[in-house]
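A.B. asks: The structure under discussion is supplied below as structure tokens; questions concerning it will follow.
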Amino acid sequence: MVDVTLIGTGGMLPLPDRWLTSMWLEYNGKACLVDCGEGTQIAINKHGIKLSHLDTLLITHVHADHISGLAGLLLSLGNCGKTDVLKIYGHTGIKDIIRHLFCICPVLPFPLEINELPVDRISEFSWNEMTISSMPMKHGVDCLGYSFVLNRKPVFNPQKAKSLGIDVKYWKELHSGKSVTIDGREYTQEMVTDEQRKPIKVTYMTDSRYFDEMIDFAGNSDLLISEGMYGDDEYKEKMAEKGHMVFSQSAEIAEKSGSGILWLTHYSPALVNPDEYADSVKKIFVNTVISKDGEKISLK
Ligand SMILES: [Zn+2]
Ligand SMILES: [Zn+2]
């Protein structure tokens with residue numbers, strides 16, 4: 001089960017009732033946080049999430065609303081007893097930027113491993129049985145979107161094993177993916193499992209103006225988290241100039257990419273009531289959620 005929580009939904013600056021946009025994704029007892037703006041650790045705490053599960057941190061870009069909470073988060077992680085490595089991923093050049101932040105948290109009880117990802121192409125790395133892909137966004141500064149894909153193991157089907165006459169004592173081995181040989185005949189895992197299940201996919205894209213490749217990158221996401229600074233299309237051009245989108249553009253990406261659910265986020269502080277655009281945006285993509293801080297889902 002992949003548990004996703006949207007820590008906050010704001011862009012630019014935190015408001016009394018709206019923390020900055022970031023995502024907590026947890027699987028198998030390990031968690032990955034995407035972005036860490038001012039106050040993110042407070043919002044994590046408020047949503048009842050265990051900070052100690054944090055294993056990896058992804059940074060989209062180094063605008064303050066996405067990274068200025070990092071030093072405080074690292075200090076709090078130290079206070080909750082973390083001693084194993086924290087991996088941080090970000091775009092090329094992020095090592096230097098994080099090193100500069102260290103002057104206010106120079107001593108931590110756990111090591112950091114900082115990894116730089118390319119800004120000219122899609123790249124992939126493994127985390128916690130998942131594949132994470134990064135794709136350069138178009139935001140005027142280096143910025144990455146991320147997708148998480150969990151390829152699920154096939155389900156063992158006892159009926160198939162029985163019908164092949166395989167004794168129960170061999171099931172555990174087959175279940176673990178090994179082949180067994182009985183009376184000179186080889187039995188493989190594929191012979192006793194059901195068809196491959198669809199992978200679980202979560203895509204996170206903020207901050208960026210619209211571009212066509214976003215559709216492929218988000219392709220078949222169970223959950224797409226994408227930005228909308230404003231709900232009104234009249235801001236579309238102005239936002240594109242600033243490297244942002246409006247609600248309808250994210251809804252079009254969700255529709256064209258075959259995504260299951262869209263969570264809108266990264267609202268402008270000037271957008272007081274994003275809910276008033278719910279009807280119009282659902283006409284483009286019916287499963288759009290005008291997210292609130294603490295939005296949660298468990299994907300199975
Ligand atoms: Zn932002
Ligand atoms: Zn930005």
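Chain labels run A, B, ... following the order of the structure tokens; each chain numbers its residues from 1, and ligands are numbered from 1 in the order shown.
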Can I get the residues close to ligand 1 as number ranges by chain, where close means within 10 Å and we count only C-alpha atoms and all ligand atoms?

C.D. replies: A: 10-13, 20-22, 35, 37, 60-67, 139, 206-208, 227, 229, 243-244, 266-268

A.B. asks: Among segment 47-291 of chain A, which ones does DSSP assign to helix (DSSP H, G or I) (computed from the backbone)? Answer as a PyMOL selection string.

C.D. replies: chain A and resi 51-53+64-67+70-79+94-104+158-163+168-175+189-192+213-217+233-241+247-256+274-284

A.B. asks: Between atom CA of Leu54 of chain A and atom CA of Ile290 of chain A, measure the distance and give it in Å to one decimal.

C.D. replies: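 Straight-line distance from atom CA of Leu54 of chain A to atom CA of Ile290 of chain A works out to 26.6 Å.
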
A.B. asks: I need the residues of segment 122-265 of chain A that end up classed as strand (DSSP E or B) by DSSP on the backbone, written out as JSON, numbers by chain.

C.D. replies: {"A": [123, 124, 125, 126, 127, 130, 131, 132, 133, 134, 135, 136, 144, 145, 146, 147, 148, 149, 150, 156, 180, 181, 182, 185, 186, 187, 193, 200, 201, 202, 203, 204, 205, 223, 224, 225, 226, 227, 230, 246, 261, 262, 263, 264, 265]}

A.B. asks: Can you spit out the residues from that selection as a PDB file, in the first residue's frame, using C-alpha atoms?

C.D. replies:
ATOM      1  CA  SER A 123      16.519  10.148 -15.442  1.00  0.00           C
ATOM      2  CA  GLU A 124      15.678   7.260 -13.119  1.00  0.00           C
ATOM      3  CA  PHE A 125      16.812   5.860  -9.806  1.00  0.00           C
ATOM      4  CA  SER A 126      15.558   3.218  -7.385  1.00  0.00           C
ATOM      5  CA  TRP A 127      14.005   3.807  -3.996  1.00  0.00           C
ATOM      6  CA  MET A 130      10.041   1.780  -6.553  1.00  0.00           C
ATOM      7  CA  THR A 131      11.464   3.523  -9.592  1.00  0.00           C
ATOM      8  CA  ILE A 132      11.565   7.294  -9.299  1.00  0.00           C
ATOM      9  CA  SER A 133      11.903   9.301 -12.522  1.00  0.00           C
ATOM     10  CA  SER A 134      12.779  12.976 -12.698  1.00  0.00           C
ATOM     11  CA  MET A 135      11.928  15.258 -15.598  1.00  0.00           C
ATOM     12  CA  PRO A 136      13.079  18.861 -16.115  1.00  0.00           C
ATOM     13  CA  LEU A 144      12.357  18.803 -11.644  1.00  0.00           C
ATOM     14  CA  GLY A 145       9.055  16.934 -11.643  1.00  0.00           C
ATOM     15  CA  TYR A 146       9.015  13.412 -10.197  1.00  0.00           C
ATOM     16  CA  SER A 147       7.098  10.209 -10.791  1.00  0.00           C
ATOM     17  CA  PHE A 148       7.030   7.133  -8.545  1.00  0.00           C
ATOM     18  CA  VAL A 149       6.280   3.712  -9.993  1.00  0.00           C
ATOM     19  CA  LEU A 150       5.806   0.583  -7.915  1.00  0.00           C
ATOM     20  CA  PHE A 156       0.422 -16.456  -5.839  1.00  0.00           C
ATOM     21  CA  VAL A 180      11.589 -25.603  -8.076  1.00  0.00           C
ATOM     22  CA  THR A 181      12.326 -28.935  -9.711  1.00  0.00           C
ATOM     23  CA  ILE A 182      10.100 -31.885  -8.768  1.00  0.00           C
ATOM     24  CA  ARG A 185      10.246 -31.144 -14.023  1.00  0.00           C
ATOM     25  CA  GLU A 186      10.846 -27.422 -13.438  1.00  0.00           C
ATOM     26  CA  TYR A 187       8.069 -25.219 -12.081  1.00  0.00           C
ATOM     27  CA  THR A 193       0.778 -16.717 -10.139  1.00  0.00           C
ATOM     28  CA  ILE A 200       1.014   1.976  -8.888  1.00  0.00           C
ATOM     29  CA  LYS A 201       2.103   5.385 -10.185  1.00  0.00           C
ATOM     30  CA  VAL A 202       2.168   8.803  -8.518  1.00  0.00           C
ATOM     31  CA  THR A 203       3.349  11.894 -10.406  1.00  0.00           C
ATOM     32  CA  TYR A 204       4.237  15.245  -8.856  1.00  0.00           C
ATOM     33  CA  MET A 205       4.713  18.302 -11.079  1.00  0.00           C
ATOM     34  CA  LEU A 223      -2.572  10.000  -8.675  1.00  0.00           C
ATOM     35  CA  LEU A 224      -1.336  13.146 -10.401  1.00  0.00           C
ATOM     36  CA  ILE A 225      -0.399  16.076  -8.183  1.00  0.00           C
ATOM     37  CA  SER A 226      -0.061  19.171 -10.315  1.00  0.00           C
ATOM     38  CA  GLU A 227       0.012  22.886  -9.826  1.00  0.00           C
ATOM     39  CA  TYR A 230      -5.167  30.318 -10.208  1.00  0.00           C
ATOM     40  CA  VAL A 246      -3.837  27.493 -14.065  1.00  0.00           C
ATOM     41  CA  ILE A 261      -7.169  11.301  -9.810  1.00  0.00           C
ATOM     42  CA  LEU A 262      -5.853  14.854  -9.977  1.00  0.00           C
ATOM     43  CA  TRP A 263      -4.939  16.777  -6.835  1.00  0.00           C
ATOM     44  CA  LEU A 264      -4.521  20.466  -7.567  1.00  0.00           C
ATOM     45  CA  THR A 265      -2.062  22.363  -5.394  1.00  0.00           C
TER      46      THR A 265
END

A.B. asks: Using only C-alpha atoms, which of A:Ile49, A:Leu73, A:Ala278, A:Leu86 sits nearest Leu112 of chain A?

C.D. replies: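 Checking each of A:Ile49, A:Leu73, A:Ala278, A:Leu86 against Leu112 of chain A, counting only C-alpha atoms, the winner is A:Leu86.
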
A.B. asks: With distances taken over only C-alpha atoms, which residue among A:Ser221, A:Thr5, A:Ser291, A:Ser250 lies nearest Tyr27 of chain A?

C.D. replies: A:Thr5

A.B. asks: Would you please work out which residue, of A:Met239, A:Val286, A:Leu75, A:Val281, is nearest to Gly258 of chain A when using only C-alpha atoms?

C.D. replies: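 That would be A:Val286, the residue with the smallest distance to Gly258 of chain A.
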
A.B. asks: Could you jot down the atom CA of His175 of chain A to atom CA of Glu190 of chain A separation for me, Å, one decimal place?

C.D. replies: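 It comes out at 9.8 Å.
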
A.B. asks: What does the distance between atom CA of Val119 of chain A and atom CA of Ile94 of chain A come to in Å, to one decimal place?

C.D. replies: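 Interatomic distance here is 11.4 Å.
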
A.B. asks: Taking 4 positions as the minimum chain separation for residues in the same chain, which residues sit within 8 Å of Val34 of chain A when counting only C-alpha atoms? Answer as a list of chain:residue names.

C.D. replies: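 Here the qualifying residues turn out to be A:Ser22, A:Met23, A:Trp24, A:Leu57, A:Leu58, A:Ile59, A:Thr60.
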